[in-house]
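A short write-up of the structure that comes next.
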Amino acid sequence: MKTVIAEKPSVAREIATLLGATEKKEGYLTGNGYFVTWAFGHLVELGMPEDYGICSFEKRSLPILPNPFLLTPCKEKKGNTYTADAGALKQLKIIGQLISKSNKIIAATDAGREGELIFRYIYQYLNCSIPFERLWISSLTQKAIKQGFENLKPGSDFDGLYEAALSRSRADWLIGINASQALSIAAGKSNYSLGRVQTPILVLICRRYLENKAFSVQKYWQLQLLHTKEFIDFKSLSKNKWEDKKSAENALKCIERNGNTAIVTSVETKKLTEKPPLLFDLTGLQKEANKKLNFSAAETLNIAQDLYEKKFITYPRTSSKYIPEDLWEEISSILRAMQKTGKWNHTLSGVKWGYLNKSIVNDLRITDHHGLLITEKIPFALSAKENALYNMIAQRILEAISQDCIKEITAVSLQILHYEFTLKGSKIIETGWRLVNGCFSDDETENLQVLPELKEGNELKIKNACSLEKLTLPPMLYNEADLLSAMETATKQVQDQQECKSLQNTGIGTPSTRAADIETLFARNYIERQKKHLVPTQKGLQVYELVKDKKISDVSMTAEWEEELLKIEKGKADAADFQNRMEKYAVFITDELLQTSVAKTNLPDLLCPKCNKEQLIITSKIVKCPNDVCSWFQFRNVCGVQLSTYDIESLVSSGKTPLIKAMQSKTGKKFDAYIKLNNKAESSFEFEKFKLKNK
């Protein structure tokens with residue numbers, strides 16, 4: 001008998017149908033010489049500190065460096081303790097019994113790093129020594145599964161993948177467990193969670209949030225002119241930016257007195273070729289779905305996984321945007337399947353079948369899996385969200401195989417007195433791939449317009465003129481799409497240029513894990529959503545203040561790890577050496593975090609005005625209560641003014657600060673006010689009464 005172990009019951013059923021294993025049993029299917037069983041994701045995991053006899057956070061227990069690491073059935077939390085999950089224990093027992101009756105095992109978990117680890121942990125936990133083969137497929141269609149079973153690979157071919165997965169798992173344990181306990185001990189009463197990837201992500205979010213809040217918005221004015229030529233209206237904008245409205249209006253009057261005529265001083269026309277986008281990898285799909293469908297990264301991955309298990313798309317956890325040469329012939333089959341849906345007929349009618357763009361074909365750029373494709377299976381009974389994501393993937397395929405979009409971009413300069421104005425125009429020469437979605441610019445703020453023929457020396461009448469009031473913009477808060485981009489290109493923050501170059505293909509986390517890393521921050525109550533934006537909670541800001549200068553928040557360190565794991569996967573680095581260095585690193589960060597000081601040197605002892613129980617922590621940026629339930633805080637910088645220690649002491653002790661002068665609103669207006677607390681310890685402004693009366 002042969003035992004096939006899939007990652008989920010739904011996948012096992014697809015495989016069992018093909019193999020003829022149609023007899024249903026508890027926890028597996030059987031028939032035709034096969035047992036087909038399944039995991040529920042992770043059935044086995046690395047043991048927790050309690051499994052090593054460490055049941056509380058104590059300084060003397062750190063750092064915890066297991067030797068050897070223990071494997072245990074996955075656990076569930078009941079109250080304050082963790083116990084083995086009954087369902088996991090039951091399924092492990094079933095798998096063990098099937099293996100004992102078999103002479104061959106086939107690993108059919110997802111074809112990736114995490115899927116490999118799920119199978120190997122089960123294999124090791126059951127002390128199995130039976131040879132195994134690997135099913136490696138990128139689609140769950142019957143055709144793909146059949147081809148996979150006809151080309152089973154030796155399990156040893158994936159030892160590098162397993163070593164990388166094991167190294168990642170152990171390294172995350174070493175850093176996460178030791179760092180979390182060390183900071184929690186140093187902070188006293190708080191229970192903090194840190195991690196190799198989650199902490200640098202938190203630092204990115206907090207840093208951007210604080211930059212946004214500290215930004216001082218300034219007003220400025222520009223002049224806008226409306227012209228008409230050959231019955232075409234178009235606008236120009238002044239290069240000058242005035243800091244006050246009066247100066248802008250004076251310039252406007254000068255222009256009007258000049259006769260409302262502008263002279264064309266230069267016309268520069270360039271032909272711009274826009275290459276079609278490549279196929280989606282997982283991160284690209286998550287970014288696009290967040291921008292256009294407002295899906296979170298985790299939601300996109302879950303929907304894509306469902307579409308994959310329904311056999312409508314290929315394996316979604318891919319980091320590649322290309323396909324191999326031998327898959328190119330299937331593109332025509334996919335296009336014919338799209339024709340049958342009727343949705344894409346208009347676009348497909350313009351496809352030149354003999355001249356499809358092959359820029360997505362690159363055998364050298366394929367990772368574990370090729371770029372995302374739809375399958376030949378016609379979709380049915382999809383939910384609204386599934387349908388939206390499926391169409392997004394299908395549309396990207398059509399764009400990728402289409403021809404270049406060619407534009408003609410014209411930049412024009414105008415002179416009026418000593419003021420210079422500029423305008424841009426765009427003309428589509430060949431629509432190419434942009435015809436698929438009908439959008440001809442990625443930049444919504446780009447001011448491109450249709451222009452008449454203009455030549456140097458032309459005189460243009462000014463049909464209308466006005467001054468525009470504008471505001472300087474702060475650094476934008478992250479949405480998930482922007483954050484995923486920042487995680488992809490995190491090495492740009494590395495100061496050392498040589499180091500940055502060596503890490504250029506890595507970032508924070510991997511495409512398959514980034515959604516889970518972001519969700520971890522939500523689960524820890526470190527970040528929250530404000531509309532589409534991600535902002536830190538008070539607890540998140542507390543953690544940021546404590547670790548922002550520590551090694552665990554270092555982006556380059558995280559990127560180095562990803563680079564090293566890729567080398568282990570390819571057999572170019574030693575896993576044992578990597579673990580040894582991770583243990584030394586765990587010792588270093590544990591010691592560094594245990595020395596974290598939250599003491600308040602030369603600062604007043606103030607009781608939290610909300611809970612009246614805890615001593616406030618006063619830092620250079622915030623004043624906060626250490627009690628997570630209370631979570632009271634007050635920023636030190638309010639509208640551009642740094643509150644002094646005396647201001648804070650007055651606010652907390654008497655409920656009101658002295659008069660704070662020269663604060664600045666978001667519109668740039670200066671004002672004076674008191675900051676006061678209400679009976680719920682919520683802060684607000686109080687303005688001087690005599691000034692209100694004068695108004």
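Please note that chains go A, B, ... in the order of the structure tokens, that every chain numbers its residues from 1, and that ligands are numbered from 1 in the order shown.
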
List as a list in words the protein and nucleic acid residues near stretch 576-591 of chain A, meaning an atom at most 7 Å away when only C-alpha atoms are counted, but skip any in the same chain fewer than 5 places from it.
Pro63, Leu65, Ser167, Ala171, Leu174, Ile175, Asn178, Ala179, Ala182, Lys551 and Ile552 of chain A

Sorted by chain and rising residue number, which residues of stretch 274-317 of chain A lie within 8 Å of stretch 400-404 of chain A, and what are their closest atom pairs and distances in Å to one decimal, counting only C-alpha atoms, as CSV?
```
residue,atom,partner,partner_atom,distance
A:Glu274,CA,A:Asp404,CA,5.7
A:Lys275,CA,A:Asp404,CA,4.9
A:Pro276,CA,A:Ala400,CA,5.3
A:Pro277,CA,A:Ala400,CA,5.4
A:Leu278,CA,A:Ala400,CA,5.3
A:Leu279,CA,A:Ala400,CA,6.3
```

Could you turn the residues from that selection into a file that holds N, CA and C atoms, as an mmCIF file, in the first residue's frame?
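Output file out.cif follows:
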```cif
data_model
loop_
_atom_site.group_PDB
_atom_site.id
_atom_site.type_symbol
_atom_site.label_atom_id
_atom_site.label_comp_id
_atom_site.auth_asym_id
_atom_site.auth_seq_id
_atom_site.Cartn_x
_atom_site.Cartn_y
_atom_site.Cartn_z
ATOM 1 N N GLU A 274 5.520 51.953 -23.061
ATOM 2 C CA GLU A 274 5.195 51.309 -21.789
ATOM 3 C C GLU A 274 5.050 49.808 -22.002
ATOM 4 N N LYS A 275 5.981 49.062 -21.408
ATOM 5 C CA LYS A 275 5.929 47.610 -21.521
ATOM 6 C C LYS A 275 4.735 47.067 -20.740
ATOM 7 N N PRO A 276 4.128 45.986 -21.199
ATOM 8 C CA PRO A 276 3.006 45.406 -20.446
ATOM 9 C C PRO A 276 3.484 44.873 -19.105
ATOM 10 N N PRO A 277 2.615 44.851 -18.106
ATOM 11 C CA PRO A 277 3.019 44.311 -16.796
ATOM 12 C C PRO A 277 3.235 42.807 -16.898
ATOM 13 N N LEU A 278 4.037 42.273 -15.986
ATOM 14 C CA LEU A 278 4.238 40.825 -15.908
ATOM 15 C C LEU A 278 3.064 40.199 -15.167
ATOM 16 N N LEU A 279 3.066 38.889 -15.074
ATOM 17 C CA LEU A 279 2.015 38.191 -14.330
ATOM 18 C C LEU A 279 2.089 38.557 -12.857
#
```

Hey, what's within 9 Å of A:Glu564 if we count only C-alpha atoms and toss same-chain stuff fewer than 6 positions away? As a ChimeraX atom specification, please?
/A:164,572-573,578

Residue nearest A:Arg514 among A:Lys550, A:Lys287, A:Lys292, A:Lys321 (counting only C-alpha atoms):
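Nearest to A:Arg514: A:Lys287.
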
Would you list the contacts of A:Phe522 as a ChimeraX atom specification, taking every protein, DNA or RNA residue within 12 Å and counting only C-alpha atoms, but skipping same-chain residues closer than 5 positions in sequence?
/A:193,198,201-202,296,298,515-517,527-529,534-537,539-540

Store the residues picked out above in a file with all heavy atoms, as a compact mmCIF listing (two decimals), in the first residue's frame.
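As a result, out.txt now contains:
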```txt
# COMPACT_ATOMS: atom_id res chain seq x y z
N SER A 193 5.20 41.07 22.76
CA SER A 193 5.52 40.06 21.77
C SER A 193 6.41 40.70 20.70
O SER A 193 6.06 41.73 20.14
CB SER A 193 4.24 39.52 21.11
OG SER A 193 4.57 38.72 20.00
N GLN A 198 7.83 40.62 12.43
CA GLN A 198 6.77 41.51 12.90
C GLN A 198 7.33 42.79 13.50
O GLN A 198 6.73 43.87 13.35
CB GLN A 198 5.87 40.80 13.91
CG GLN A 198 6.49 40.62 15.29
CD GLN A 198 5.52 40.00 16.29
OE1 GLN A 198 5.04 38.91 16.11
NE2 GLN A 198 5.26 40.71 17.37
N ILE A 201 8.38 45.36 10.81
CA ILE A 201 7.17 45.89 10.18
C ILE A 201 6.53 46.94 11.09
O ILE A 201 6.11 48.01 10.64
CB ILE A 201 6.14 44.78 9.90
CG1 ILE A 201 6.71 43.74 8.95
CG2 ILE A 201 4.87 45.36 9.29
CD1 ILE A 201 5.81 42.53 8.77
N LEU A 202 6.45 46.64 12.37
CA LEU A 202 5.88 47.59 13.33
C LEU A 202 6.67 48.89 13.33
O LEU A 202 6.09 49.99 13.38
CB LEU A 202 5.85 46.98 14.74
CG LEU A 202 5.35 47.89 15.85
CD1 LEU A 202 3.88 48.27 15.62
CD2 LEU A 202 5.51 47.24 17.22
N SER A 296 -7.77 43.12 2.33
CA SER A 296 -6.53 43.04 3.10
C SER A 296 -5.64 41.97 2.47
O SER A 296 -6.09 41.14 1.68
CB SER A 296 -6.81 42.68 4.56
OG SER A 296 -7.26 41.33 4.66
N ALA A 298 -4.31 39.41 3.91
CA ALA A 298 -4.75 38.09 4.37
C ALA A 298 -6.02 37.65 3.64
O ALA A 298 -6.16 36.48 3.27
CB ALA A 298 -4.99 38.11 5.88
N ALA A 515 1.37 38.42 4.61
CA ALA A 515 0.00 38.66 5.09
C ALA A 515 -0.14 38.21 6.53
O ALA A 515 -0.73 38.91 7.36
CB ALA A 515 -1.01 37.91 4.21
N ALA A 516 0.42 37.03 6.86
CA ALA A 516 0.34 36.52 8.23
C ALA A 516 1.11 37.42 9.19
O ALA A 516 0.69 37.63 10.33
CB ALA A 516 0.88 35.10 8.28
N ASP A 517 2.24 37.98 8.73
CA ASP A 517 3.02 38.87 9.58
C ASP A 517 2.22 40.13 9.93
O ASP A 517 2.24 40.60 11.08
CB ASP A 517 4.32 39.27 8.88
CG ASP A 517 5.25 38.08 8.67
OD1 ASP A 517 5.26 37.19 9.54
OD2 ASP A 517 5.96 38.05 7.65
N ILE A 527 -1.37 47.33 15.94
CA ILE A 527 -1.82 48.24 14.90
C ILE A 527 -3.33 48.09 14.73
O ILE A 527 -3.92 47.10 15.19
CB ILE A 527 -1.13 47.97 13.54
CG1 ILE A 527 -1.47 46.58 13.00
CG2 ILE A 527 0.37 48.17 13.64
CD1 ILE A 527 -0.97 46.32 11.58
N GLU A 528 -3.92 49.08 14.08
CA GLU A 528 -5.35 49.04 13.79
C GLU A 528 -5.60 49.76 12.46
O GLU A 528 -4.71 50.45 11.95
CB GLU A 528 -6.15 49.71 14.91
CG GLU A 528 -5.82 51.18 15.11
CD GLU A 528 -6.52 51.77 16.33
OE1 GLU A 528 -7.18 51.03 17.06
OE2 GLU A 528 -6.37 53.00 16.53
N ARG A 529 -6.78 49.57 11.92
CA ARG A 529 -7.14 50.24 10.67
C ARG A 529 -7.93 51.51 10.95
O ARG A 529 -8.85 51.51 11.76
CB ARG A 529 -7.97 49.32 9.78
CG ARG A 529 -7.17 48.22 9.12
CD ARG A 529 -8.01 47.46 8.09
NE ARG A 529 -7.21 46.43 7.43
CZ ARG A 529 -7.08 45.20 7.88
NH1 ARG A 529 -7.70 44.82 8.99
NH2 ARG A 529 -6.33 44.32 7.23
N LEU A 534 -3.13 51.99 7.99
CA LEU A 534 -2.66 51.21 9.13
C LEU A 534 -1.94 52.16 10.08
O LEU A 534 -0.99 52.84 9.69
CB LEU A 534 -1.69 50.12 8.67
CG LEU A 534 -2.20 49.15 7.59
CD1 LEU A 534 -1.12 48.15 7.23
CD2 LEU A 534 -3.45 48.43 8.07
N VAL A 535 -2.40 52.21 11.32
CA VAL A 535 -1.78 53.10 12.31
C VAL A 535 -1.50 52.30 13.57
O VAL A 535 -2.18 51.32 13.88
CB VAL A 535 -2.69 54.30 12.65
CG1 VAL A 535 -2.94 55.15 11.42
CG2 VAL A 535 -4.00 53.84 13.25
N PRO A 536 -0.47 52.69 14.32
CA PRO A 536 -0.15 51.96 15.56
C PRO A 536 -1.15 52.28 16.66
O PRO A 536 -1.69 53.39 16.73
CB PRO A 536 1.25 52.46 15.91
CG PRO A 536 1.33 53.83 15.31
CD PRO A 536 0.50 53.77 14.05
N THR A 537 -1.41 51.32 17.51
CA THR A 537 -2.18 51.56 18.72
C THR A 537 -1.24 52.12 19.78
O THR A 537 -0.02 52.20 19.57
CB THR A 537 -2.78 50.24 19.25
OG1 THR A 537 -1.70 49.34 19.56
CG2 THR A 537 -3.69 49.60 18.20
N LYS A 539 -0.39 50.60 22.44
CA LYS A 539 0.51 49.50 22.80
C LYS A 539 1.62 49.36 21.75
O LYS A 539 2.78 49.11 22.08
CB LYS A 539 -0.27 48.20 22.91
CG LYS A 539 0.55 47.04 23.44
CD LYS A 539 -0.31 45.81 23.65
CE LYS A 539 0.51 44.66 24.24
NZ LYS A 539 -0.30 43.44 24.45
N GLY A 540 1.25 49.52 20.47
CA GLY A 540 2.24 49.45 19.41
C GLY A 540 3.29 50.54 19.54
O GLY A 540 4.49 50.30 19.33
```

As a ChimeraX atom specification, list the residues of stretch 385-608 of chain A assigned to alpha helix (DSSP H) by DSSP on the backbone atoms of this structure.
/A:385-400,480-488,497-502,514-523,538-547,555-569,575-594

Residues within 7 Å of stretch 336-350 of chain A, please, as a VMD selection string. Count only C-alpha atoms; anything in the same chain fewer than 3 positions from it doesn't count.
chain A and resid 332 to 333 376 378 436

Near A:Val652, within 8 Å and counting only C-alpha atoms, which residues show up once chain neighbours fewer than 5 positions away are dropped, as a PDB file with all heavy atoms, in the first residue's frame?
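out-v8.pdb written:
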```pdb
ATOM      1  N   LEU A 606       4.156  60.498  38.452  1.00  0.00           N
ATOM      2  CA  LEU A 606       2.776  60.897  38.210  1.00  0.00           C
ATOM      3  C   LEU A 606       1.891  59.673  38.094  1.00  0.00           C
ATOM      4  O   LEU A 606       2.246  58.694  37.432  1.00  0.00           O
ATOM      5  CB  LEU A 606       2.672  61.724  36.923  1.00  0.00           C
ATOM      6  CG  LEU A 606       3.464  63.039  36.885  1.00  0.00           C
ATOM      7  CD1 LEU A 606       3.394  63.652  35.497  1.00  0.00           C
ATOM      8  CD2 LEU A 606       2.930  64.011  37.929  1.00  0.00           C
ATOM      9  N   LEU A 607       0.717  59.749  38.732  1.00  0.00           N
ATOM     10  CA  LEU A 607      -0.253  58.662  38.677  1.00  0.00           C
ATOM     11  C   LEU A 607      -1.143  58.841  37.452  1.00  0.00           C
ATOM     12  O   LEU A 607      -1.530  59.953  37.118  1.00  0.00           O
ATOM     13  CB  LEU A 607      -1.104  58.663  39.953  1.00  0.00           C
ATOM     14  CG  LEU A 607      -1.734  57.324  40.386  1.00  0.00           C
ATOM     15  CD1 LEU A 607      -0.654  56.281  40.649  1.00  0.00           C
ATOM     16  CD2 LEU A 607      -2.582  57.535  41.630  1.00  0.00           C
ATOM     17  N   CYS A 608      -1.445  57.753  36.781  1.00  0.00           N
ATOM     18  CA  CYS A 608      -2.288  57.817  35.583  1.00  0.00           C
ATOM     19  C   CYS A 608      -3.625  58.485  35.910  1.00  0.00           C
ATOM     20  O   CYS A 608      -4.324  58.064  36.842  1.00  0.00           O
ATOM     21  CB  CYS A 608      -2.524  56.407  35.033  1.00  0.00           C
ATOM     22  SG  CYS A 608      -3.682  56.371  33.651  1.00  0.00           S
ATOM     23  N   PRO A 609      -4.029  59.527  35.152  1.00  0.00           N
ATOM     24  CA  PRO A 609      -5.279  60.240  35.440  1.00  0.00           C
ATOM     25  C   PRO A 609      -6.530  59.438  35.075  1.00  0.00           C
ATOM     26  O   PRO A 609      -7.631  59.811  35.457  1.00  0.00           O
ATOM     27  CB  PRO A 609      -5.166  61.496  34.575  1.00  0.00           C
ATOM     28  CG  PRO A 609      -4.307  61.082  33.432  1.00  0.00           C
ATOM     29  CD  PRO A 609      -3.312  60.109  34.004  1.00  0.00           C
TER      30      PRO A 609
END
```

I'd like the neighbourhood of A:Ala144 as a count of residues only, where a residue qualifies if any of its atoms comes within 12 Å (using only C-alpha atoms), though same-chain residues fewer than 4 positions away should be ignored.
20

Would you please extract all strand (DSSP E or B) residues from stretch 179-316 of chain A, as assigned by DSSP on the backbone, and give them as a count of residues only?
34

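Between atom CA of A:Glu330 and atom CA of A:Phe380 the interatomic distance comes to 21.2 Å.
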
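If you look at atom CA of A:Lys656 and atom CA of A:Ile617, they are 18.8 Å away from each other.
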